[in-house]
Amino acid sequence: MCEYCGCQALETIDELTQEHEEVVRLISHLRPAHQAGSVARMAEVSREIARVLGPHTQVEEQGLFPALATDFPDRIAALEAEHRRIEAVLAEAADGATPSDPTWPDRLMEAMALLRAHILKEQDGVFPAALANLSTEEWEAVEAARVKAGSALSRSAP
């Protein structure tokens, strides 16, 4: 993932980046499960992805995106729409369910390709734009959103 602009020096951006890395790692487990025809394993991995994305998306949509929406309304709206598309496919495996729709495995793989592209847009566009554009007050709001949402990843001790 990107490290060129220095945005990862900010704790919240660093945590969002770590969550992106975990999601990409989890996505890598889907291809073998898909090739093996293991819908149950795909559902299990999709629940793990959703677990990481839940608080992550809250931080973006309640903290980061509102701060950038005035300057980049169309891009932020597109990212939020992508969140909804990805969440809808992941939700089909929520609560321990193994989706019975025979199209779900392929739709999940398509959603994960979208998610990987989405992550790159955030890493290479949103995070650097936030570093360049957000005021101290806006960063405080982003951090407040992080505190409220938490993280699915354990924070390491200082």
# chains A, B, ... in the order shown; residues from 1 in each chain; ligands from 1
>>> residues_around(residues="region 79-96 of chain A", least_positions_apart="2", cutoff="7 Å", atoms="only C-alpha atoms", output="list of chain:residue names")
A:Ala43, A:Ser46, A:Arg47, A:Ala50, A:Arg75, A:Ile76, A:Ala77, A:Thr98, A:Pro99, A:Leu108, A:Ala111, A:Leu115
>>> residues_around(residues="Ile27 (chain A)", least_positions_apart="2", cutoff="9 Å", atoms="only C-alpha atoms", output="PyMOL selection string")
chain A and resi 22-25+29-31+45-46+49+109+112-113+116
>>> atom_distance(atom1="CA of Ala129 (chain A)", atom2="CA of Glu48 (chain A)")
28.8 Å
>>> select_by_dssp(residues="region 22-120 of chain A", states="alpha helix (DSSP H)", output="number ranges by chain")
A: 22-27, 30-36, 39-59, 65-69, 73-91, 104-120
>>> residues_around(residues="region 134-148 of chain A", least_positions_apart="3", cutoff="10 Å", atoms="only C-alpha atoms", output="list of chain:residue names")
A:Leu10, A:Glu11, A:Thr12, A:Ile13, A:Glu15, A:Leu16, A:Pro55, A:His56, A:Thr57, A:Gln58, A:Val59, A:Glu60, A:Glu61, A:Gln62, A:Gly63, A:Leu64, A:Phe65, A:Pro66, A:Ala67, A:Leu68, A:Ala129, A:Ala130, A:Leu131, A:Ser151
>>> write_last_selection(atoms="N, CA, C and O atoms", output="compact mmCIF listing (two decimals), in the first residue's frame")
# COMPACT_ATOMS: atom_id res chain seq x y z
N LEU A 10 -0.46 9.74 10.39
CA LEU A 10 -1.63 10.02 11.22
C LEU A 10 -2.21 8.69 11.68
O LEU A 10 -2.45 7.79 10.87
N GLU A 11 -2.45 8.56 12.97
CA GLU A 11 -2.87 7.28 13.54
C GLU A 11 -4.13 6.72 12.87
O GLU A 11 -4.20 5.54 12.55
N THR A 12 -5.13 7.57 12.66
CA THR A 12 -6.37 7.08 12.07
C THR A 12 -6.15 6.56 10.66
O THR A 12 -6.67 5.51 10.29
N ILE A 13 -5.37 7.27 9.85
CA ILE A 13 -5.09 6.82 8.49
C ILE A 13 -4.27 5.53 8.53
O ILE A 13 -4.50 4.61 7.75
N GLU A 15 -4.41 3.27 10.84
CA GLU A 15 -5.33 2.18 11.20
C GLU A 15 -6.23 1.80 10.03
O GLU A 15 -6.47 0.61 9.80
N LEU A 16 -6.73 2.80 9.30
CA LEU A 16 -7.54 2.49 8.12
C LEU A 16 -6.72 1.69 7.10
O LEU A 16 -7.22 0.74 6.48
N PRO A 55 -16.62 -1.35 11.24
CA PRO A 55 -16.15 -0.12 11.87
C PRO A 55 -15.33 0.76 10.92
O PRO A 55 -15.37 1.98 10.99
N HIS A 56 -14.62 0.13 10.01
CA HIS A 56 -13.81 0.86 9.03
C HIS A 56 -14.69 1.80 8.20
O HIS A 56 -14.39 2.98 8.05
N THR A 57 -15.79 1.27 7.71
CA THR A 57 -16.71 2.06 6.89
C THR A 57 -17.33 3.18 7.71
O THR A 57 -17.53 4.29 7.21
N GLN A 58 -17.64 2.91 8.97
CA GLN A 58 -18.20 3.95 9.84
C GLN A 58 -17.24 5.13 9.97
O GLN A 58 -17.65 6.29 9.90
N VAL A 59 -15.96 4.85 10.14
CA VAL A 59 -14.97 5.92 10.27
C VAL A 59 -14.92 6.74 8.98
O VAL A 59 -14.91 7.97 9.02
N GLU A 60 -14.93 6.05 7.87
CA GLU A 60 -14.89 6.76 6.59
C GLU A 60 -16.15 7.60 6.40
O GLU A 60 -16.08 8.78 6.06
N GLU A 61 -17.31 6.99 6.60
CA GLU A 61 -18.56 7.66 6.26
C GLU A 61 -19.03 8.66 7.32
O GLU A 61 -19.81 9.55 7.01
N GLN A 62 -18.58 8.51 8.55
CA GLN A 62 -19.00 9.45 9.59
C GLN A 62 -17.92 10.48 9.92
O GLN A 62 -18.21 11.46 10.59
N GLY A 63 -16.70 10.23 9.46
CA GLY A 63 -15.61 11.16 9.77
C GLY A 63 -14.92 11.69 8.53
O GLY A 63 -14.96 12.88 8.25
N LEU A 64 -14.31 10.82 7.78
CA LEU A 64 -13.46 11.22 6.66
C LEU A 64 -14.26 11.75 5.47
O LEU A 64 -13.97 12.83 4.95
N PHE A 65 -15.27 11.01 5.03
CA PHE A 65 -16.01 11.41 3.84
C PHE A 65 -16.75 12.73 4.00
O PHE A 65 -16.70 13.57 3.09
N PRO A 66 -17.44 12.97 5.13
CA PRO A 66 -18.12 14.26 5.26
C PRO A 66 -17.14 15.45 5.16
O PRO A 66 -17.49 16.49 4.62
N ALA A 67 -15.94 15.25 5.67
CA ALA A 67 -14.95 16.33 5.63
C ALA A 67 -14.47 16.60 4.20
O ALA A 67 -14.04 17.71 3.89
N LEU A 68 -14.56 15.60 3.33
CA LEU A 68 -14.10 15.75 1.95
C LEU A 68 -15.23 15.98 0.95
O LEU A 68 -14.99 16.32 -0.20
N ALA A 129 -5.67 13.17 -0.15
CA ALA A 129 -6.52 14.37 -0.22
C ALA A 129 -6.89 14.84 1.18
O ALA A 129 -6.93 16.05 1.44
N ALA A 130 -7.16 13.90 2.06
CA ALA A 130 -7.48 14.27 3.44
C ALA A 130 -6.29 14.96 4.10
O ALA A 130 -6.46 15.98 4.77
N LEU A 131 -5.12 14.42 3.88
CA LEU A 131 -3.91 15.02 4.46
C LEU A 131 -3.75 16.46 3.99
O LEU A 131 -3.43 17.35 4.77
N SER A 151 -12.36 -0.58 16.15
CA SER A 151 -11.68 -1.27 15.06
C SER A 151 -11.78 -2.76 15.30
O SER A 151 -11.76 -3.22 16.44
>>> residues_around(residues="Val39 (chain A)", least_positions_apart="5", cutoff="9 Å", atoms="only C-alpha atoms", output="list in words")
Ala33, His34, Glu44, Thr98, Pro99, Ser100, Trp104 and Pro105 of chain A
>>> write_last_selection(atoms="N, CA and C atoms", output="compact mmCIF listing (two decimals), in the first residue's frame")
# COMPACT_ATOMS: atom_id res chain seq x y z
N ALA A 33 -11.01 -21.00 -2.19
CA ALA A 33 -12.32 -21.53 -1.78
C ALA A 33 -13.29 -21.52 -2.96
N HIS A 34 -13.23 -20.49 -3.78
CA HIS A 34 -14.09 -20.40 -4.97
C HIS A 34 -13.73 -21.51 -5.95
N GLU A 44 -17.69 -17.95 5.23
CA GLU A 44 -16.91 -17.71 6.46
C GLU A 44 -15.95 -16.54 6.27
N THR A 98 -24.99 -19.65 4.90
CA THR A 98 -24.29 -20.00 3.69
C THR A 98 -25.27 -19.75 2.55
N PRO A 99 -25.01 -18.75 1.73
CA PRO A 99 -25.96 -18.40 0.68
C PRO A 99 -26.28 -19.59 -0.24
N SER A 100 -27.56 -19.74 -0.52
CA SER A 100 -27.98 -20.84 -1.40
C SER A 100 -28.11 -20.38 -2.86
N TRP A 104 -24.22 -16.41 -6.04
CA TRP A 104 -23.52 -15.67 -4.98
C TRP A 104 -22.00 -15.81 -5.04
N PRO A 105 -21.43 -16.99 -5.22
CA PRO A 105 -19.97 -17.05 -5.25
C PRO A 105 -19.34 -16.15 -6.32
>>> atom_distance(atom1="CA of Gly125 (chain A)", atom2="CA of Ser28 (chain A)")
23.4 Å
